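Undergrad: Data: target31.txt, compact mmCIF, C-alpha atoms and all ligand atoms.
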# COMPACT_ATOMS: atom_id res chain seq x y z
CA MET A 1 -5.09 -3.86 34.58
CA LEU A 2 -4.64 -5.76 31.32
CA GLY A 3 -7.21 -8.36 30.26
CA LYS A 4 -6.41 -11.68 28.69
CA PRO A 5 -4.74 -11.79 25.26
CA ILE A 6 -7.23 -11.55 22.39
CA LEU A 7 -4.76 -11.42 19.52
CA ASP A 8 -1.41 -13.14 19.51
CA VAL A 9 0.84 -12.66 16.47
CA CYS A 10 4.21 -14.36 16.53
CA ASP A 11 7.06 -13.98 14.01
CA LEU A 12 4.63 -13.25 11.18
CA SER A 13 6.18 -12.93 7.73
CA VAL A 14 4.07 -12.20 4.65
CA VAL A 15 5.10 -12.20 0.98
CA ARG A 16 2.90 -10.62 -1.72
CA SER A 17 3.66 -11.08 -5.41
CA GLY A 18 7.16 -12.30 -4.53
CA LYS A 19 7.91 -9.26 -2.36
CA GLN A 20 8.54 -9.53 1.38
CA ILE A 21 6.04 -7.14 2.99
CA LEU A 22 6.12 -8.18 6.64
CA GLU A 23 9.03 -9.77 8.46
CA ASP A 24 8.94 -11.37 11.91
CA VAL A 25 6.09 -9.23 13.24
CA CYS A 26 5.13 -9.99 16.84
CA LEU A 27 2.18 -8.34 18.54
CA THR A 28 -0.16 -9.15 21.39
CA VAL A 29 -3.40 -7.28 21.96
CA ASN A 30 -5.18 -7.75 25.28
CA GLU A 31 -8.87 -7.60 26.09
CA GLY A 32 -10.15 -4.02 26.47
CA GLU A 33 -7.07 -2.42 24.89
CA PHE A 34 -7.18 0.23 22.16
CA VAL A 35 -4.08 -0.24 20.02
CA GLY A 36 -3.20 2.16 17.22
CA ILE A 37 -0.98 1.10 14.33
CA VAL A 38 0.84 3.83 12.41
CA GLY A 39 3.38 3.74 9.61
CA PRO A 40 4.10 5.32 6.22
CA ASN A 41 2.29 4.45 2.98
CA GLY A 42 3.05 0.95 1.79
CA SER A 43 4.58 -0.10 5.11
CA GLY A 44 2.33 -3.15 5.41
CA LYS A 45 -0.42 -1.94 7.76
CA SER A 46 -3.34 -3.21 5.66
CA THR A 47 -1.36 -6.35 4.83
CA PHE A 48 -1.00 -6.94 8.56
CA LEU A 49 -4.73 -6.55 9.21
CA LEU A 50 -5.61 -8.81 6.27
CA SER A 51 -3.22 -11.44 7.64
CA VAL A 52 -4.77 -11.15 11.11
CA LEU A 53 -8.17 -11.76 9.49
CA GLY A 54 -6.81 -14.85 7.72
CA ILE A 55 -7.43 -13.34 4.25
CA LEU A 56 -3.71 -13.33 3.44
CA LYS A 57 -1.62 -16.39 4.17
CA ALA A 58 1.48 -16.14 6.31
CA GLU A 59 4.79 -17.26 4.83
CA SER A 60 5.87 -18.16 8.36
CA GLY A 61 4.81 -17.44 11.93
CA PHE A 62 1.30 -17.63 13.30
CA VAL A 63 -1.76 -15.61 14.21
CA GLU A 64 -4.21 -16.61 16.92
CA ILE A 65 -7.40 -14.83 17.92
CA TYR A 66 -8.97 -16.02 21.16
CA GLY A 67 -6.51 -18.91 20.89
CA LEU A 68 -7.90 -19.98 17.50
CA PRO A 69 -6.60 -19.65 13.93
CA PRO A 70 -8.23 -16.64 12.19
CA THR A 71 -10.14 -18.87 9.76
CA SER A 72 -11.94 -20.71 12.56
CA ARG A 73 -15.73 -20.60 12.17
CA LYS A 74 -16.02 -20.05 15.90
CA LEU A 75 -14.66 -16.53 15.40
CA HIS A 76 -17.35 -15.40 12.94
CA ARG A 77 -19.33 -13.25 15.32
CA LYS A 78 -16.45 -12.18 17.49
CA ILE A 79 -14.57 -10.05 14.97
CA GLY A 80 -15.74 -6.78 13.39
CA TRP A 81 -13.91 -5.44 10.36
CA VAL A 82 -14.05 -1.88 9.06
CA SER A 83 -12.05 -1.83 5.84
CA GLN A 84 -9.96 0.97 4.34
CA ALA A 85 -12.60 1.33 1.61
CA ALA A 86 -15.52 1.70 4.06
CA ALA A 87 -15.97 5.41 3.34
CA ASN A 88 -16.05 4.61 -0.39
CA LEU A 89 -19.12 2.42 -0.30
CA PRO A 90 -20.62 2.65 -3.80
CA LYS A 91 -22.96 5.64 -3.98
CA ASP A 92 -25.35 4.01 -6.46
CA VAL A 93 -26.25 1.06 -4.24
CA ARG A 94 -29.78 1.54 -2.90
CA ILE A 95 -29.50 0.37 0.67
CA THR A 96 -30.51 2.25 3.77
CA VAL A 97 -28.41 2.66 6.91
CA ARG A 98 -30.74 0.33 8.80
CA GLU A 99 -30.50 -2.35 6.11
CA LEU A 100 -26.71 -2.10 6.08
CA VAL A 101 -26.53 -2.43 9.86
CA ARG A 102 -28.94 -5.37 9.76
CA LEU A 103 -26.54 -7.17 7.41
CA GLY A 104 -24.20 -7.32 10.40
CA THR A 105 -26.62 -9.66 12.17
CA ILE A 106 -26.59 -12.19 9.33
CA ASN A 107 -24.09 -15.00 9.20
CA SER A 108 -23.86 -18.37 7.46
CA ALA A 109 -25.61 -20.07 10.38
CA ASN A 110 -28.74 -17.88 10.51
CA MET A 111 -29.05 -16.74 6.87
CA PHE A 112 -32.34 -18.59 6.27
CA ASP A 113 -33.68 -18.22 9.78
CA TRP A 114 -36.39 -15.57 9.60
CA ALA A 115 -37.02 -15.41 13.34
CA ASP A 116 -35.93 -12.13 14.93
CA ASN A 117 -33.82 -13.66 17.72
CA GLY A 118 -33.03 -10.25 19.16
CA ARG A 119 -31.75 -8.89 15.83
CA ARG A 120 -33.98 -5.82 15.85
CA GLU A 121 -32.79 -4.90 19.31
CA ARG A 122 -29.13 -5.29 18.28
CA VAL A 123 -29.69 -3.15 15.19
CA ASP A 124 -31.50 -0.46 17.24
CA LYS A 125 -28.69 -0.40 19.81
CA ALA A 126 -25.94 -0.18 17.17
CA ILE A 127 -27.74 2.67 15.36
CA LYS A 128 -28.27 4.55 18.62
CA MET A 129 -24.67 4.11 19.78
CA THR A 130 -23.29 5.43 16.51
CA GLY A 131 -25.67 8.43 16.50
CA LEU A 132 -27.38 7.46 13.24
CA LYS A 133 -31.02 7.38 14.39
CA GLU A 134 -31.94 10.45 12.33
CA VAL A 135 -30.63 8.94 9.11
CA GLU A 136 -31.51 5.28 9.68
CA ASN A 137 -33.85 5.23 6.67
CA THR A 138 -31.56 7.25 4.40
CA ASP A 139 -29.68 5.60 1.53
CA ILE A 140 -26.00 5.19 2.40
CA GLY A 141 -25.08 6.99 -0.84
CA ARG A 142 -26.52 10.21 0.62
CA LEU A 143 -24.47 10.17 3.82
CA SER A 144 -21.35 12.18 4.60
CA GLY A 145 -18.00 10.35 4.81
CA GLY A 146 -18.16 10.36 8.62
CA GLN A 147 -21.71 9.02 8.70
CA ARG A 148 -20.76 6.25 6.26
CA GLN A 149 -17.87 5.22 8.50
CA ARG A 150 -20.17 5.18 11.49
CA ALA A 151 -22.69 3.05 9.55
CA VAL A 152 -19.98 0.48 8.83
CA ILE A 153 -18.95 0.53 12.50
CA ALA A 154 -22.63 0.08 13.44
CA ARG A 155 -22.75 -3.00 11.19
CA ALA A 156 -19.79 -4.45 13.11
CA LEU A 157 -21.47 -3.62 16.44
CA ALA A 158 -24.74 -5.27 15.38
CA SER A 159 -22.82 -8.50 14.87
CA GLU A 160 -21.86 -8.16 18.56
CA ALA A 161 -18.19 -8.37 17.69
CA ASP A 162 -15.90 -8.03 20.70
CA PHE A 163 -12.74 -7.38 18.72
CA ILE A 164 -12.97 -4.55 16.17
CA LEU A 165 -10.31 -3.91 13.55
CA LEU A 166 -10.39 -0.65 11.61
CA ASP A 167 -8.24 0.33 8.64
CA GLU A 168 -7.99 4.12 8.18
CA PRO A 169 -11.47 4.94 9.48
CA LEU A 170 -10.68 8.68 9.54
CA VAL A 171 -9.96 9.13 5.83
CA GLY A 172 -12.54 11.37 4.14
CA VAL A 173 -14.03 12.35 7.49
CA ASP A 174 -14.34 16.04 8.44
CA ARG A 175 -13.00 17.36 11.74
CA ASP A 176 -16.25 17.30 13.74
CA SER A 177 -17.16 13.82 12.54
CA ARG A 178 -13.62 12.68 13.27
CA ASN A 179 -13.94 13.80 16.87
CA SER A 180 -17.30 12.11 17.34
CA LEU A 181 -15.95 8.93 15.73
CA LEU A 182 -12.98 8.91 18.11
CA ARG A 183 -15.27 9.50 21.09
CA LEU A 184 -17.42 6.59 19.91
CA LEU A 185 -14.40 4.27 19.67
CA ASP A 186 -13.21 5.37 23.10
CA ARG A 187 -16.66 4.69 24.56
CA LEU A 188 -16.81 1.26 22.92
CA CYS A 189 -13.53 0.42 24.54
CA HIS A 190 -14.18 1.79 28.02
CA ASP A 191 -17.93 1.28 28.47
CA GLU A 192 -18.63 -1.74 26.27
CA GLY A 193 -15.40 -3.65 26.90
CA LYS A 194 -14.55 -3.89 23.18
CA THR A 195 -10.97 -4.45 22.07
CA ILE A 196 -9.87 -2.17 19.24
CA LEU A 197 -7.03 -2.37 16.74
CA MET A 198 -6.98 0.70 14.50
CA VAL A 199 -4.68 1.66 11.64
CA SER A 200 -4.45 5.36 10.86
CA HIS A 201 -2.22 7.95 9.26
CA ASP A 202 -3.62 10.50 11.65
CA LEU A 203 -0.94 10.44 14.30
CA THR A 204 -2.56 13.15 16.42
CA ALA A 205 -5.91 11.37 16.46
CA ILE A 206 -4.35 8.04 17.37
CA ARG A 207 -2.26 9.66 20.10
CA GLN A 208 -5.42 11.08 21.65
CA THR A 209 -7.33 7.82 21.76
CA ALA A 210 -5.10 4.73 21.70
CA HIS A 211 -3.66 3.26 24.90
CA ARG A 212 -0.77 1.78 23.01
CA MET A 213 0.89 2.61 19.71
CA VAL A 214 2.70 0.41 17.25
CA PHE A 215 4.94 1.79 14.52
CA LEU A 216 5.00 -0.71 11.68
CA GLU A 217 7.31 -0.50 8.70
CA GLY A 218 7.86 -4.03 7.43
CA SER A 219 8.45 -5.02 11.02
CA VAL A 220 7.50 -3.51 14.38
CA ARG A 221 9.83 -0.52 15.01
CA PHE A 222 8.07 0.67 18.15
CA ASP A 223 5.46 -0.87 20.45
CA GLY A 224 4.63 0.84 23.71
CA PRO A 225 2.34 3.16 25.68
CA THR A 226 1.09 6.15 23.69
CA LYS A 227 2.86 8.61 25.98
CA SER A 228 6.23 7.00 25.11
CA PHE A 229 5.73 7.23 21.34
CA PRO A 230 8.95 8.62 19.85
CA ASP A 231 9.24 12.27 18.80
CA PHE A 232 9.97 13.09 15.17
CA GLN A 233 13.73 12.96 15.57
CA ARG A 234 13.66 9.52 17.22
CA LEU A 235 11.14 8.35 14.65
CA ALA A 236 13.48 9.44 11.86
CA ASP A 237 16.31 7.54 13.58
CA LEU A 238 14.12 4.44 13.92
CA ARG A 239 13.31 4.64 10.22
CA GLY A 240 16.92 5.24 9.24
CA ILE A 241 16.12 8.68 7.76
CA GLN A 242 18.98 11.17 7.93
CA ALA A 243 18.61 14.94 8.18
CA VAL A 244 19.16 16.19 4.61
CA HIS A 245 20.74 19.45 5.77
CA GLY A 246 22.98 17.79 8.35
CA ASP A 247 21.43 20.09 10.91
CA LYS A 248 18.74 18.78 13.21
CA GLU A 249 17.12 22.21 13.69
CA VAL A 250 16.57 22.54 9.94
CA TYR A 251 15.21 19.00 9.81
CA TRP A 252 12.56 19.96 12.36
CA GLU A 253 11.56 23.07 10.46
CA THR A 254 11.26 21.28 7.14
CA THR A 255 9.07 18.56 8.58
CA SER A 256 6.86 20.79 10.68
CA ASN A 257 4.18 20.96 7.96
CA HIS A 258 3.78 17.23 8.06
CA LYS A 259 3.24 16.70 11.76
CA GLU A 260 -0.07 14.96 11.15
CA GLU A 261 1.27 12.64 8.48
CA LEU A 262 4.07 10.17 8.76
N1 LIG B 1 -2.47 -7.18 -3.95
C1 LIG B 1 -1.17 -6.93 -3.81
N2 LIG B 1 -0.23 -7.66 -4.44
C2 LIG B 1 1.07 -7.44 -4.29
N3 LIG B 1 1.57 -6.45 -3.50
C3 LIG B 1 0.69 -5.69 -2.87
C4 LIG B 1 -0.71 -5.87 -2.98
N4 LIG B 1 -1.33 -4.95 -2.22
C5 LIG B 1 -0.34 -4.21 -1.65
N5 LIG B 1 0.85 -4.65 -2.05
C6 LIG B 1 2.15 -4.10 -1.65
O1 LIG B 1 2.37 -4.41 -0.29
C7 LIG B 1 3.03 -3.33 0.35
C8 LIG B 1 2.26 -2.95 1.60
O2 LIG B 1 0.96 -2.52 1.21
P1 LIG B 1 -0.15 -2.19 2.29
O3 LIG B 1 -1.40 -1.90 1.53
O4 LIG B 1 -0.19 -3.26 3.31
O5 LIG B 1 0.46 -0.87 2.94
P2 LIG B 1 -0.22 0.18 3.93
O6 LIG B 1 0.77 0.39 5.03
O7 LIG B 1 -1.58 -0.26 4.29
O8 LIG B 1 -0.27 1.48 3.03
P3 LIG B 1 -1.34 2.69 3.02
O9 LIG B 1 -0.94 3.57 4.16
O10 LIG B 1 -1.09 3.35 1.72
O11 LIG B 1 -2.72 2.14 3.15
C9 LIG B 1 3.15 -2.20 -0.66
O12 LIG B 1 4.45 -2.23 -1.19
C10 LIG B 1 2.14 -2.58 -1.72
O13 LIG B 1 2.58 -2.16 -2.99
MG MG B 2 -3.49 0.50 3.97
Output the file's structure in the form of structure tokens.
Ligand SMILES: Nc1ncnc2c1ncn2[C@@H]1O[C@H](COP(=O)(O)OP(=O)(O)OP(=O)(O)O)[C@@H](O)[C@H]1O
Ligand SMILES: [Mg+2]

TA:
Amino acid sequence: MLGKPILDVCDLSVVRSGKQILEDVCLTVNEGEFVGIVGPNGSGKSTFLLSVLGILKAESGFVEIYGLPPTSRKLHRKIGWVSQAAANLPKDVRITVRELVRLGTINSANMFDWADNGRRERVDKAIKMTGLKEVENTDIGRLSGGQRQRAVIARALASEADFILLDEPLVGVDRDSRNSLLRLLDRLCHDEGKTILMVSHDLTAIRQTAHRMVFLEGSVRFDGPTKSFPDFQRLADLRGIQAVHGDKEVYWETTSNHKEEL
């Protein structure tokens, strides 16, 4: 059964440097859902997430999170953000995993409040859930790509965010780490009641975890249950791509090497 709407995006249009990037995008995400957004390079996926976070201004349309505009201060602790650059955290910054995760417990309201107020417990829990106990005192620069991603997710968990947005969390992550990261996200959704909106190029990975998939290319071309996600031929039709050899069989063969990538 679907929970109440957490994110409501209606007719969102976004222009960047004079170029229309998103046009009339509508999307609702309900409590406890795991929604995967896919689409080719430059199709506006990151732009969409940045607009949802209120970092980019909408040309028209609106975004509401928990019924509030994204810039509302009341949302500060409710939203966790794992950016596309999370795996590229600077290697020369001397900060341990534990310190990074602890940063997630700090906000403008408690910055100068030295009392613990349950912070240690939240940090411990986030580190445990993300499987980083063994490396909690290691500098983030010495972690693998997968561990770095998990550390950034742990930071979001320590803030007790209920709604977690991730932009390409699987980039630079090896196969084993990718599987454990996906299991973690699945667990967060099913056992912890988190709501997840994840952008990824990795179609197979998203298919295995998301409840619902959205294909975004300037506007929403598909939005539905994962099991109904279009096959490659229908996807090509949706995108207006024609078979270069005029023969569908050949089209399939020529694209078979790119099944993972859109
Ligand atoms: N700062 C910017 N100023 C102007 N245009 C931008 C800016 N950043 C991105 N764009 C343009 O907006 C479009 C969408 O970019 P966006 O980063 O949202 O795509 P994406 O789907 O996330 O791509 P990728 O899969 O490569 O991460 C692209 O045409 C890009 O060139
Ligand atoms: Mg992007």

Undergrad: Please give me, as a PDB file with C-alpha atoms, keeping the file's coordinate frame, the residues lying within 8 Å of ligand LIG 1 (chain B) when counting only C-alpha atoms and all ligand atoms.

TA:
ATOM      1  CA  ARG A  16       2.900 -10.620  -1.720  1.00  0.00           C
ATOM      2  CA  SER A  17       3.660 -11.080  -5.410  1.00  0.00           C
ATOM      3  CA  GLY A  18       7.160 -12.300  -4.530  1.00  0.00           C
ATOM      4  CA  LYS A  19       7.910  -9.260  -2.360  1.00  0.00           C
ATOM      5  CA  ILE A  21       6.040  -7.140   2.990  1.00  0.00           C
ATOM      6  CA  GLY A  39       3.380   3.740   9.610  1.00  0.00           C
ATOM      7  CA  PRO A  40       4.100   5.320   6.220  1.00  0.00           C
ATOM      8  CA  ASN A  41       2.290   4.450   2.980  1.00  0.00           C
ATOM      9  CA  GLY A  42       3.050   0.950   1.790  1.00  0.00           C
ATOM     10  CA  SER A  43       4.580  -0.100   5.110  1.00  0.00           C
ATOM     11  CA  GLY A  44       2.330  -3.150   5.410  1.00  0.00           C
ATOM     12  CA  LYS A  45      -0.420  -1.940   7.760  1.00  0.00           C
ATOM     13  CA  SER A  46      -3.340  -3.210   5.660  1.00  0.00           C
ATOM     14  CA  THR A  47      -1.360  -6.350   4.830  1.00  0.00           C
ATOM     15  CA  PHE A  48      -1.000  -6.940   8.560  1.00  0.00           C
ATOM     16  CA  GLN A  84      -9.960   0.970   4.340  1.00  0.00           C
ATOM     17  CA  ASP A 167      -8.240   0.330   8.640  1.00  0.00           C
ATOM     18  CA  GLU A 168      -7.990   4.120   8.180  1.00  0.00           C
ATOM     19  CA  SER A 200      -4.450   5.360  10.860  1.00  0.00           C
ATOM     20  CA  HIS A 201      -2.220   7.950   9.260  1.00  0.00           C
ATOM     21  CA  LEU A 216       5.000  -0.710  11.680  1.00  0.00           C
ATOM     22  CA  GLU A 217       7.310  -0.500   8.700  1.00  0.00           C
TER      23      GLU A 217
END

Undergrad: Counting all atoms listed in the file, select every polymer residue within 10 Å of (-18.6, -0.2, 11.5) as defined in the file's coordinates, and provide the selection as an MDAnalysis selection string.

TA: chainID A and resid 80:83 86 100:101 104 126 130 148:159 164:166 169

Undergrad: Can you pull out the residues contacting range 192-199 of chain A? Cut-off 9 Å, using only C-alpha atoms, and skip same-chain residues under 3 positions away; I want them as an NGL selection string.

TA: :A and (6 or 29-39 or 45-46 or 49 or 161-169 or 185 or 187-189 or 202 or 206 or 210)

Undergrad: Using CA of Glu64 in chain A and CA of Val9 in chain A as the two end points, give the distance in Å to one decimal.

TA: 6.4 Å

Undergrad: Which is closest to ligand MG 2 (chain B) among A:Val171, A:Phe62, A:Thr138, A:Gln242, if we use only C-alpha atoms and all ligand atoms?

TA: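 Going through A:Val171, A:Phe62, A:Thr138, A:Gln242 one by one, the smallest distance to ligand MG 2 (chain B) is for A:Val171.
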
Undergrad: Could you state the separation of CA of Leu103 in chain A and CA of Thr209 in chain A in Å, given to one decimal place?

TA: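 These atoms are spaced 28.3 Å apart.
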
Undergrad: Which distance in Å separates CA of Val52 in chain A and CA of Pro70 in chain A, to one decimal?

TA: 6.6 Å

Undergrad: Smallest atom-to-atom distance to Arg207 in chain A: which of A:Val220, A:Ser228, A:Val244, A:Leu22, using only C-alpha atoms?

TA: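 Of A:Val220, A:Ser228, A:Val244, A:Leu22, the one nearest Arg207 in chain A is A:Ser228, counting only C-alpha atoms.
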
Undergrad: I'd like the neighbourhood of Ser13 in chain A as a PDB file with C-alpha atoms, in the frame of the given file, where a residue qualifies if any of its atoms comes within 9 Å (using only C-alpha atoms), though same-chain residues fewer than 2 positions away should be ignored.

TA:
ATOM      1  CA  ASP A  11       7.060 -13.980  14.010  1.00  0.00           C
ATOM      2  CA  VAL A  15       5.100 -12.200   0.980  1.00  0.00           C
ATOM      3  CA  GLN A  20       8.540  -9.530   1.380  1.00  0.00           C
ATOM      4  CA  ILE A  21       6.040  -7.140   2.990  1.00  0.00           C
ATOM      5  CA  LEU A  22       6.120  -8.180   6.640  1.00  0.00           C
ATOM      6  CA  GLU A  23       9.030  -9.770   8.460  1.00  0.00           C
ATOM      7  CA  ASP A  24       8.940 -11.370  11.910  1.00  0.00           C
ATOM      8  CA  VAL A  25       6.090  -9.230  13.240  1.00  0.00           C
ATOM      9  CA  ALA A  58       1.480 -16.140   6.310  1.00  0.00           C
ATOM     10  CA  GLU A  59       4.790 -17.260   4.830  1.00  0.00           C
ATOM     11  CA  SER A  60       5.870 -18.160   8.360  1.00  0.00           C
ATOM     12  CA  GLY A  61       4.810 -17.440  11.930  1.00  0.00           C
ATOM     13  CA  PHE A  62       1.300 -17.630  13.300  1.00  0.00           C
ATOM     14  CA  SER A 219       8.450  -5.020  11.020  1.00  0.00           C
TER      15      SER A 219
END

Undergrad: Using only C-alpha atoms for the distances, tell me which of A:Ile106, A:Thr96, A:Ile241, A:Leu181 is nearest to Gly131 in chain A.

TA: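 Among the listed residues, A:Leu181 lies closest to Gly131 in chain A.
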
Undergrad: For Arg175 in chain A, list every protein, DNA or RNA residue within 12 Å, evaluated using all atoms listed in the file, and leave out those in the same chain fewer than 3 positions away; present the list as a list in words.

TA: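 Listed by chain and then number, they are Gly145, Gly146, Leu170, Val171, Gly172, Arg178, Asn179, Ser180, Leu181, Leu182, Asp202 and Ala205 of chain A.
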
Undergrad: Take the residues just selected and output them with C-alpha atoms as a JSON list (two decimals), in the frame of the given file.

TA:
[["chain", "number", "residue", "atom", "x", "y", "z"],
["A", 145, "GLY", "CA", -18.00, 10.35, 4.81],
["A", 146, "GLY", "CA", -18.16, 10.36, 8.62],
["A", 170, "LEU", "CA", -10.68, 8.68, 9.54],
["A", 171, "VAL", "CA", -9.96, 9.13, 5.83],
["A", 172, "GLY", "CA", -12.54, 11.37, 4.14],
["A", 178, "ARG", "CA", -13.62, 12.68, 13.27],
["A", 179, "ASN", "CA", -13.94, 13.80, 16.87],
["A", 180, "SER", "CA", -17.30, 12.11, 17.34],
["A", 181, "LEU", "CA", -15.95, 8.93, 15.73],
["A", 182, "LEU", "CA", -12.98, 8.91, 18.11],
["A", 202, "ASP", "CA", -3.62, 10.50, 11.65],
["A", 205, "ALA", "CA", -5.91, 11.37, 16.46]]

Undergrad: Given the point (2.8, 4.8, 27.7) in the coordinates of this file, which residues lie within 10 Å, counting all atoms listed in the file, and how would they look as a VMD selection string?

TA: chain A and resid 210 to 213 223 to 229

Undergrad: Could you turn the residues from that selection into a file that holds C-alpha atoms, as a compact mmCIF listing (two decimals), in the frame of the given file?

TA:
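Wrote it out as again_34.txt, contents follow:
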# COMPACT_ATOMS: atom_id res chain seq x y z
CA ALA A 210 -5.10 4.73 21.70
CA HIS A 211 -3.66 3.26 24.90
CA ARG A 212 -0.77 1.78 23.01
CA MET A 213 0.89 2.61 19.71
CA ASP A 223 5.46 -0.87 20.45
CA GLY A 224 4.63 0.84 23.71
CA PRO A 225 2.34 3.16 25.68
CA THR A 226 1.09 6.15 23.69
CA LYS A 227 2.86 8.61 25.98
CA SER A 228 6.23 7.00 25.11
CA PHE A 229 5.73 7.23 21.34

Undergrad: Can you list, as a PyMOL selection string, every protein, DNA or RNA residue that comes within 9 Å of Gln147 in chain A when you count all atoms listed in the file, leaving out same-chain residues fewer than 6 positions away?

TA: chain A and resi 87+130-132+135+140+173+177

Undergrad: Smallest atom-to-atom distance to ligand MG 2 (chain B): which of A:Glu160, A:Lys125, A:Ala85, A:Ser72, using all atoms listed in the file?

TA: A:Ala85

Undergrad: So which one's closest to ligand MG 2 (chain B), A:Leu50, A:Cys26, A:Val14, A:Arg234? Using only C-alpha atoms and all ligand atoms, please.

TA: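 Smallest separation from ligand MG 2 (chain B) among the options: A:Leu50.
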